[in-house]
Structure formats: structure tokens, C-alpha cells
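First up is the structure itself, then whatever we jot down about it.
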Amino acid sequence: MTLDSAFAQPLQASASRLFHLLDRFTEARVLVVGDLTVDEFLTGQVERVSREAPVLILRHETTKQIPGGGANSVYNLAKLGAQVKAVGLVGKDEQGRALRSIFESANIDTTGILIDPDRPTVTKTRISGHARQSVTQQIVRIDRKSDDLPDSDLQLQLAEYIAGQIDRVDAVVCSDYGDGTLTQPVIQAALQHDCSIVDAQKALQRYSGATVFTPNLPEAEQAVGYAITSPQALHQAGLDLLNLTQAQHILITRGEEGMSLFDRSGQQQVIPAFNRTDVYDVTGAGDTVAAALTLGLIGGATVWEASILGNLAASLVVRQFGTATTTPAEMKAALQELLEGV
């Protein structure tokens, strides 16, 4: 793709630094506190219409379970090479056991994952079907979750575990999908680390004082209470979010418009989207941004450099369907291709 010269020149000047930062991903130790979710995909071939009701009958073919929600943040960090400790809650159910097994296979420390006997593992089951020689399409999605908060004892156990790990990790990521794991005691424990990255869908002010927030455009609009439809509104939103959260930096991700990075001096830096054409699914891209940004910061990157790494990683995962991950090797190849285009 063609990059504006105002961005291309500093990107070229930072190229060797960016490659060096990618090499350091494996040195990072990260604790992720999140709403752990299982994304479940059931597929089958359509046999006929049922005689019981006007619905399709599918002959089951495959069931696939992958980390979603805050679990996708955990998995992204692990696939990028970091040493990861996962903190959160799962139910006493098959989905919770499956998620723990997926994590352990990826060498993720699951000691901080506690069982909540009163609530199910958050699970989003997508049922898809296809006729012979046709494209598979989603028919329905079934969500399993509870609107109740976890028991106060569980909240305190999570907070105590986090407090005991703060000095053993290089950063803490809070991945808040609104499913109840990140209550105030948990948040307070997580924010004790001097490098805290917050990816939250709402109520950003609960994380006051975190290092970096990474809201997408709709989340930023919800937080400030007005539509962001012009460059002026965008700049004002960045300043308002800094005041609301008392963060050091705000990174607003804006899809095909790229990213806007704000700091407490009032400066705004724009990072263009690195992939506008091969976009198939943006699900979970925000988790990828937060993961790569975090590893960049741990390696000594400026927030601008770390944001570029986040943007680069996201440009790769949106080329795949569903929640996806990438690797430092893939990021290096994509960075090299980007620089050659410049």
C-alpha cells in the first residue's frame, strides 16, 4: 500500500527498532485479567427441512472451540511469544475445562483461573450449515452467560492472586467485555502495576490512572457521550478521554481510518491502516492490538512504536475469519513488505 510521506519517513527511520522490538517479544512476562470466553463453532450439512417445524436439519460435521473475549487477549499474547499468566473465571463445565486445556497446550499459566460454581463459562456457540458444494453460513448463535456478579469471595481471591503476581510480571492487561470478572477489587489490584493496558468496552473511568487505553471508535463515543464525526471531534474526544481516565495515553482504533494516539501534552499522532483491502473479519482485532502494543512497551518501545506494532498485528488477523492470532515471524514479513512498498 502507499503511505503518506509524513508517516512513511518516520516509519522507515524506525524500521530497525521495530524489528528489534519484535525479537524481544519472547522476553516479556504478562498477566492478563479478563472475561474468559469460549467461541464455539458447530458446522453441519443440511439434510432436509424438519417435519416437526420449518427448520433445517443439519448432519453434524465438526465442533471447534477457540479462545474468545478476554481469553483471546491471553491467546494472542502467547502466540506472539510472551510468557503469559491468565486470570479470570470459568464455570464448572466442559467449556471451562476445554479453555484451560487450550491454554495449557500453549504453555499459558492457568493458576489464576478460578472456578465459579454458580456461573457458566461464557460461551458463544455459532451453528452453521451448508448444502453440498455451497458456502457455509451461520444460522444461529447461542450465548451462555450469567448477568450476576461473581461471589465476593471469588472477587477477593482474584484480587489477592493479582497482588501476589504484580512484581513477577512486566505488564498487566485488563480485557473487560462486561461479563463481571473485572469488579472493583480486581481492577484496583491490577492497576497497582506501573504498566497497565486497558481494553474495556464501557465504564472506562473505573480504570482511572492506567497507562494506556485502547478503545475503538464506538467505545470512545460511548465514553465521551457524543458522536466523533470530524477531525475536530476526534481531537476533542482524545482530550476528554485523557481527562476522564487520567491515563498517560489514549489509542483510539478507527478501522480503515487507522489509529489516533493522544498523550497528556495534547499531541495527536495518526497511524494509517496498514490493510484496507484484505479485511474479512474484524472480530478480536482489538485484542490483538492490545497484545502487540503491550509487548512493544515491555521491550522498550515508545507508545508510538508500540502502536505501530499493534496496528501491524491487527492488519494480519483481520484477514482471517473469527478470532485469530499472528506471530512475530508473520509480523516481520508484513513489516518488510510495508517498508518495500514505501
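Naming works like this for the C-alpha cells: A, B, ... for the chains as they're shown, residue 1 at the start of each chain, ligands 1 onward in shown order.
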Legend entry - Secondary structure check, strand (DSSP E) residues of segment 98-195 of chain A, as a count of residues only: 31
Inset, instruction - Name all residues at most 8 Å from segment 165-182 of chain A (count only C-alpha atoms; drop same-chain ones fewer than 5 positions away) and give them as a ChimeraX atom specification. - result: /A:28-35,69-70,73,88-89,122,145-150,155,187,190-202,287,290,294,298
Store the residues of this selection in a file with C-alpha atoms, as a PDB file, in the first residue's frame.
ATOM      1  CA  ALA A  28       8.014 -10.426  28.051  1.00  0.00           C
ATOM      2  CA  ARG A  29       6.062 -11.609  31.079  1.00  0.00           C
ATOM      3  CA  VAL A  30       2.417 -10.531  31.054  1.00  0.00           C
ATOM      4  CA  LEU A  31      -0.533 -11.032  33.368  1.00  0.00           C
ATOM      5  CA  VAL A  32      -3.942 -10.797  31.686  1.00  0.00           C
ATOM      6  CA  VAL A  33      -7.083 -10.244  33.726  1.00  0.00           C
ATOM      7  CA  GLY A  34     -10.103 -10.823  31.552  1.00  0.00           C
ATOM      8  CA  ASP A  35     -13.603 -12.052  30.895  1.00  0.00           C
ATOM      9  CA  GLY A  69     -13.305 -12.370  24.664  1.00  0.00           C
ATOM     10  CA  GLY A  70     -10.583 -11.815  27.256  1.00  0.00           C
ATOM     11  CA  SER A  73      -6.146 -11.456  24.586  1.00  0.00           C
ATOM     12  CA  GLY A  88     -10.263 -14.965  35.351  1.00  0.00           C
ATOM     13  CA  LEU A  89     -13.239 -17.203  35.985  1.00  0.00           C
ATOM     14  CA  VAL A 122     -19.161 -17.543  28.951  1.00  0.00           C
ATOM     15  CA  LYS A 145     -23.582 -16.465  30.393  1.00  0.00           C
ATOM     16  CA  SER A 146     -24.842 -15.056  33.681  1.00  0.00           C
ATOM     17  CA  ASP A 147     -25.737 -11.461  34.454  1.00  0.00           C
ATOM     18  CA  ASP A 148     -24.898 -11.976  38.132  1.00  0.00           C
ATOM     19  CA  LEU A 149     -21.572 -10.790  39.527  1.00  0.00           C
ATOM     20  CA  PRO A 150     -19.218 -13.427  40.929  1.00  0.00           C
ATOM     21  CA  GLN A 155     -13.551 -11.404  43.670  1.00  0.00           C
ATOM     22  CA  ILE A 187      -9.347  -3.611  38.983  1.00  0.00           C
ATOM     23  CA  ALA A 190      -4.452  -4.838  38.534  1.00  0.00           C
ATOM     24  CA  LEU A 191      -3.764  -1.091  38.449  1.00  0.00           C
ATOM     25  CA  GLN A 192      -1.028  -1.433  41.061  1.00  0.00           C
ATOM     26  CA  HIS A 193       1.365  -2.251  38.223  1.00  0.00           C
ATOM     27  CA  ASP A 194       3.101   0.755  36.652  1.00  0.00           C
ATOM     28  CA  CYS A 195       2.457  -0.623  33.136  1.00  0.00           C
ATOM     29  CA  SER A 196      -1.266  -1.327  32.779  1.00  0.00           C
ATOM     30  CA  ILE A 197      -3.075  -1.572  29.449  1.00  0.00           C
ATOM     31  CA  VAL A 198      -6.867  -1.412  29.421  1.00  0.00           C
ATOM     32  CA  ASP A 199      -9.129  -2.762  26.687  1.00  0.00           C
ATOM     33  CA  ALA A 200     -12.625  -2.181  28.047  1.00  0.00           C
ATOM     34  CA  GLN A 201     -15.938  -1.835  26.270  1.00  0.00           C
ATOM     35  CA  LYS A 202     -17.516   0.570  28.752  1.00  0.00           C
ATOM     36  CA  ASP A 287      -7.347  -7.883  21.498  1.00  0.00           C
ATOM     37  CA  ALA A 290      -3.572  -4.515  22.863  1.00  0.00           C
ATOM     38  CA  THR A 294       1.858  -4.337  25.364  1.00  0.00           C
ATOM     39  CA  ILE A 298       7.725  -4.064  27.594  1.00  0.00           C
TER      40      ILE A 298
END
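Using only C-alpha atoms, the smallest distance between any of A:Leu77, A:Leu297, A:Val289, A:Ile271 and Asp4 of chain A comes from A:Ile271.
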Legend entry - Distance query Val49 of chain A at most 12 Å, only C-alpha atoms, self and fewer than 6 positions along chain excluded, as a PyMOL selection string: chain A and resi 55-59+131
Go ahead and dump the residues you just picked, N, CA, C and O atoms, as a compact mmCIF listing (two decimals), in the first residue's frame.
# COMPACT_ATOMS: atom_id res chain seq x y z
N VAL A 55 -37.70 -25.79 10.12
CA VAL A 55 -36.28 -25.54 10.42
C VAL A 55 -35.44 -26.57 9.67
O VAL A 55 -35.91 -27.65 9.31
N LEU A 56 -34.16 -26.22 9.49
CA LEU A 56 -33.26 -27.12 8.80
C LEU A 56 -32.75 -28.21 9.74
O LEU A 56 -32.53 -27.96 10.93
N ILE A 57 -32.54 -29.38 9.22
CA ILE A 57 -31.87 -30.46 9.95
C ILE A 57 -30.44 -30.54 9.41
O ILE A 57 -30.22 -30.69 8.21
N LEU A 58 -29.47 -30.43 10.33
CA LEU A 58 -28.06 -30.50 9.95
C LEU A 58 -27.47 -31.82 10.41
O LEU A 58 -27.74 -32.27 11.53
N ARG A 59 -26.67 -32.44 9.55
CA ARG A 59 -25.87 -33.59 9.98
C ARG A 59 -24.53 -33.04 10.48
O ARG A 59 -23.76 -32.46 9.72
N ALA A 131 -25.20 -26.54 2.21
CA ALA A 131 -25.66 -27.58 1.29
C ALA A 131 -24.44 -28.11 0.56
O ALA A 131 -23.33 -27.59 0.70
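Between atom CA of Gly258 of chain A and atom CA of Pro10 of chain A the interatomic distance comes to 16.3 Å.
Take the candidates A:Gly238, A:Pro120, A:Gly91, A:Gly164 and check each one against Thr214 of chain A using only C-alpha atoms; the shortest distance goes to A:Gly238.
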Inset, instruction - Using DSSP on the backbone coordinates, identify all residues within segment 139-326 of chain A classified as alpha helix (DSSP H); present the result as a ChimeraX atom specification. - result: /A:152-165,184-190,217-224,231-245,285-298,303-317
Determine, using only C-alpha atoms, which residues of segment 143-229 of chain A have any atom at most 8 Å from an atom of segment 239-255 of chain A, and tabulate each with its shortest atom pair and distance in Å to one decimal place, rows ordered by chain and then rising number, as JSON lines.
{"residue": "A:Leu204", "atom": "CA", "partner": "A:Thr245", "partner_atom": "CA", "distance": 6.5}
{"residue": "A:Gln205", "atom": "CA", "partner": "A:Thr245", "partner_atom": "CA", "distance": 5.0}
{"residue": "A:Arg206", "atom": "CA", "partner": "A:Thr245", "partner_atom": "CA", "distance": 7.9}
{"residue": "A:Tyr207", "atom": "CA", "partner": "A:Thr245", "partner_atom": "CA", "distance": 6.7}
{"residue": "A:Ser208", "atom": "CA", "partner": "A:Thr245", "partner_atom": "CA", "distance": 4.6}
{"residue": "A:Gly209", "atom": "CA", "partner": "A:Gln246", "partner_atom": "CA", "distance": 4.9}
{"residue": "A:Ala210", "atom": "CA", "partner": "A:Ala247", "partner_atom": "CA", "distance": 5.2}
{"residue": "A:Thr211", "atom": "CA", "partner": "A:Gln248", "partner_atom": "CA", "distance": 5.2}
{"residue": "A:Val212", "atom": "CA", "partner": "A:His249", "partner_atom": "CA", "distance": 4.9}
{"residue": "A:Phe213", "atom": "CA", "partner": "A:Ile250", "partner_atom": "CA", "distance": 5.0}
{"residue": "A:Thr214", "atom": "CA", "partner": "A:Leu251", "partner_atom": "CA", "distance": 4.8}
{"residue": "A:Pro215", "atom": "CA", "partner": "A:Ile252", "partner_atom": "CA", "distance": 5.3}
{"residue": "A:Asn216", "atom": "CA", "partner": "A:Thr253", "partner_atom": "CA", "distance": 4.5}
{"residue": "A:Leu217", "atom": "CA", "partner": "A:Arg254", "partner_atom": "CA", "distance": 5.5}
{"residue": "A:Ala220", "atom": "CA", "partner": "A:Ile252", "partner_atom": "CA", "distance": 7.1}
{"residue": "A:Ala223", "atom": "CA", "partner": "A:Leu241", "partner_atom": "CA", "distance": 7.4}
{"residue": "A:Val224", "atom": "CA", "partner": "A:Asp240", "partner_atom": "CA", "distance": 6.7}
Would you save the residues of that selection, restricted to N, CA and C atoms, as a PDB file, in the first residue's frame?
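The resulting file, result.pdb, is reproduced below:
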ATOM      1  N   LEU A 204     -14.992   3.244  31.303  1.00  0.00           N
ATOM      2  CA  LEU A 204     -13.539   3.377  31.309  1.00  0.00           C
ATOM      3  C   LEU A 204     -13.030   4.067  32.569  1.00  0.00           C
ATOM      4  N   GLN A 205     -13.850   4.929  33.152  1.00  0.00           N
ATOM      5  CA  GLN A 205     -13.408   5.675  34.328  1.00  0.00           C
ATOM      6  C   GLN A 205     -13.113   4.770  35.523  1.00  0.00           C
ATOM      7  N   ARG A 206     -13.599   3.525  35.468  1.00  0.00           N
ATOM      8  CA  ARG A 206     -13.297   2.590  36.566  1.00  0.00           C
ATOM      9  C   ARG A 206     -11.814   2.240  36.600  1.00  0.00           C
ATOM     10  N   TYR A 207     -11.112   2.494  35.500  1.00  0.00           N
ATOM     11  CA  TYR A 207      -9.685   2.162  35.398  1.00  0.00           C
ATOM     12  C   TYR A 207      -8.812   3.414  35.483  1.00  0.00           C
ATOM     13  N   SER A 208      -9.287   4.391  36.217  1.00  0.00           N
ATOM     14  CA  SER A 208      -8.581   5.677  36.295  1.00  0.00           C
ATOM     15  C   SER A 208      -7.112   5.507  36.669  1.00  0.00           C
ATOM     16  N   GLY A 209      -6.236   6.110  35.860  1.00  0.00           N
ATOM     17  CA  GLY A 209      -4.811   6.078  36.135  1.00  0.00           C
ATOM     18  C   GLY A 209      -4.034   5.014  35.403  1.00  0.00           C
ATOM     19  N   ALA A 210      -4.704   4.206  34.570  1.00  0.00           N
ATOM     20  CA  ALA A 210      -3.997   3.187  33.798  1.00  0.00           C
ATOM     21  C   ALA A 210      -3.048   3.847  32.799  1.00  0.00           C
ATOM     22  N   THR A 211      -2.083   3.083  32.312  1.00  0.00           N
ATOM     23  CA  THR A 211      -1.066   3.634  31.419  1.00  0.00           C
ATOM     24  C   THR A 211      -1.631   3.963  30.049  1.00  0.00           C
ATOM     25  N   VAL A 212      -2.254   2.990  29.408  1.00  0.00           N
ATOM     26  CA  VAL A 212      -2.792   3.166  28.054  1.00  0.00           C
ATOM     27  C   VAL A 212      -4.174   2.535  27.972  1.00  0.00           C
ATOM     28  N   PHE A 213      -5.101   3.241  27.319  1.00  0.00           N
ATOM     29  CA  PHE A 213      -6.412   2.689  26.982  1.00  0.00           C
ATOM     30  C   PHE A 213      -6.478   2.515  25.471  1.00  0.00           C
ATOM     31  N   THR A 214      -7.153   1.454  25.012  1.00  0.00           N
ATOM     32  CA  THR A 214      -7.228   1.196  23.569  1.00  0.00           C
ATOM     33  C   THR A 214      -8.681   1.050  23.106  1.00  0.00           C
ATOM     34  N   PRO A 215      -9.533   2.054  23.289  1.00  0.00           N
ATOM     35  CA  PRO A 215     -10.925   1.915  22.845  1.00  0.00           C
ATOM     36  C   PRO A 215     -11.042   1.988  21.320  1.00  0.00           C
ATOM     37  N   ASN A 216     -12.044   1.291  20.772  1.00  0.00           N
ATOM     38  CA  ASN A 216     -12.354   1.517  19.368  1.00  0.00           C
ATOM     39  C   ASN A 216     -13.275   2.732  19.263  1.00  0.00           C
ATOM     40  N   LEU A 217     -13.635   3.110  18.063  1.00  0.00           N
ATOM     41  CA  LEU A 217     -14.397   4.348  17.880  1.00  0.00           C
ATOM     42  C   LEU A 217     -15.755   4.326  18.584  1.00  0.00           C
ATOM     43  N   ALA A 220     -15.198   4.735  22.269  1.00  0.00           N
ATOM     44  CA  ALA A 220     -14.793   6.102  22.591  1.00  0.00           C
ATOM     45  C   ALA A 220     -16.003   7.030  22.576  1.00  0.00           C
ATOM     46  N   ALA A 223     -18.035   6.556  25.661  1.00  0.00           N
ATOM     47  CA  ALA A 223     -17.389   7.099  26.856  1.00  0.00           C
ATOM     48  C   ALA A 223     -17.511   8.612  26.947  1.00  0.00           C
ATOM     49  N   VAL A 224     -17.371   9.306  25.807  1.00  0.00           N
ATOM     50  CA  VAL A 224     -17.414  10.783  25.845  1.00  0.00           C
ATOM     51  C   VAL A 224     -18.827  11.322  25.705  1.00  0.00           C
TER      52      VAL A 224
END
Inset, instruction - Could you tell me how far atom CA of Gly129 of chain A lies from atom CA of Thr62 of chain A, in Å and to one decimal? - result: 10.6 Å
Legend entry - Neighbour list for segment 333-340 of chain A as a PyMOL selection string, cut-off 12 Å, only C-alpha atoms, skip fewer than 6 positions in-chain: chain A and resi 1-3+7-19+22+272-275+308-317+326-327
Store the residues picked out above, limited to N, CA and C atoms, as a compact mmCIF listing (two decimals), in the first residue's frame.
# COMPACT_ATOMS: atom_id res chain seq x y z
N MET A 1 0.83 -1.19 0.00
CA MET A 1 0.00 0.00 0.00
C MET A 1 0.87 1.24 0.00
N THR A 2 0.29 2.37 -0.40
CA THR A 2 1.01 3.64 -0.44
C THR A 2 0.76 4.41 0.85
N LEU A 3 1.84 4.81 1.51
CA LEU A 3 1.73 5.56 2.75
C LEU A 3 2.07 7.02 2.52
N PHE A 7 4.10 10.06 7.20
CA PHE A 7 4.18 8.87 8.05
C PHE A 7 5.28 7.93 7.58
N ALA A 8 5.46 7.82 6.27
CA ALA A 8 6.42 6.86 5.72
C ALA A 8 7.85 7.15 6.18
N GLN A 9 8.21 8.42 6.25
CA GLN A 9 9.59 8.76 6.63
C GLN A 9 9.92 8.33 8.06
N PRO A 10 9.10 8.69 9.06
CA PRO A 10 9.42 8.20 10.42
C PRO A 10 9.31 6.69 10.55
N LEU A 11 8.44 6.05 9.75
CA LEU A 11 8.35 4.60 9.77
C LEU A 11 9.67 3.98 9.29
N GLN A 12 10.20 4.49 8.19
CA GLN A 12 11.47 3.98 7.68
C GLN A 12 12.60 4.22 8.69
N ALA A 13 12.57 5.38 9.33
CA ALA A 13 13.62 5.70 10.31
C ALA A 13 13.56 4.77 11.52
N SER A 14 12.36 4.24 11.80
CA SER A 14 12.17 3.38 12.97
C SER A 14 12.24 1.89 12.63
N ALA A 15 12.51 1.55 11.38
CA ALA A 15 12.41 0.17 10.92
C ALA A 15 13.28 -0.78 11.74
N SER A 16 14.55 -0.44 11.91
CA SER A 16 15.44 -1.34 12.64
C SER A 16 14.99 -1.51 14.08
N ARG A 17 14.48 -0.43 14.68
CA ARG A 17 13.96 -0.50 16.05
C ARG A 17 12.77 -1.46 16.11
N LEU A 18 11.87 -1.38 15.13
CA LEU A 18 10.68 -2.21 15.14
C LEU A 18 11.04 -3.69 15.00
N PHE A 19 11.98 -4.01 14.13
CA PHE A 19 12.42 -5.40 14.00
C PHE A 19 13.06 -5.88 15.31
N LEU A 22 10.35 -6.65 17.86
CA LEU A 22 9.70 -7.94 17.58
C LEU A 22 10.53 -9.10 18.10
N PRO A 272 -1.89 5.36 9.98
CA PRO A 272 -2.84 4.87 8.98
C PRO A 272 -3.05 3.37 9.08
N ALA A 273 -4.18 2.91 8.55
CA ALA A 273 -4.43 1.47 8.49
C ALA A 273 -3.44 0.85 7.51
N PHE A 274 -2.88 -0.30 7.87
CA PHE A 274 -1.91 -0.97 7.01
C PHE A 274 -2.57 -1.96 6.06
N ASN A 275 -3.86 -2.21 6.26
CA ASN A 275 -4.56 -3.17 5.40
C ASN A 275 -6.01 -2.73 5.27
N ILE A 308 2.30 1.17 16.41
CA ILE A 308 2.57 0.67 15.07
C ILE A 308 2.58 -0.86 15.08
N LEU A 309 3.21 -1.45 16.08
CA LEU A 309 3.23 -2.91 16.19
C LEU A 309 1.82 -3.46 16.38
N GLY A 310 1.01 -2.79 17.19
CA GLY A 310 -0.38 -3.20 17.37
C GLY A 310 -1.16 -3.13 16.07
N ASN A 311 -0.95 -2.05 15.32
CA ASN A 311 -1.61 -1.86 14.03
C ASN A 311 -1.18 -2.94 13.04
N LEU A 312 0.10 -3.23 13.04
CA LEU A 312 0.64 -4.25 12.13
C LEU A 312 0.03 -5.62 12.42
N ALA A 313 -0.02 -5.98 13.71
CA ALA A 313 -0.59 -7.28 14.10
C ALA A 313 -2.07 -7.37 13.71
N ALA A 314 -2.81 -6.28 13.95
CA ALA A 314 -4.23 -6.29 13.62
C ALA A 314 -4.45 -6.41 12.12
N SER A 315 -3.56 -5.82 11.32
CA SER A 315 -3.70 -5.88 9.86
C SER A 315 -3.60 -7.31 9.35
N LEU A 316 -2.99 -8.19 10.13
CA LEU A 316 -2.86 -9.60 9.75
C LEU A 316 -4.05 -10.43 10.21
N VAL A 317 -4.53 -10.21 11.43
CA VAL A 317 -5.61 -11.09 11.93
C VAL A 317 -6.94 -10.79 11.26
N THR A 326 -1.60 -13.94 15.41
CA THR A 326 -0.49 -13.87 14.48
C THR A 326 0.79 -14.15 15.25
N THR A 327 1.93 -14.10 14.56
CA THR A 327 3.21 -14.42 15.18
C THR A 327 4.23 -13.34 14.84
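Of note, atom CA of Gly112 of chain A and atom CA of Gly68 of chain A are spaced 17.4 Å apart.
Using only C-alpha atoms, the smallest distance between any of A:Gln45, A:Thr325, A:Gln268, A:Thr110 and Ser134 of chain A comes from A:Gln45.
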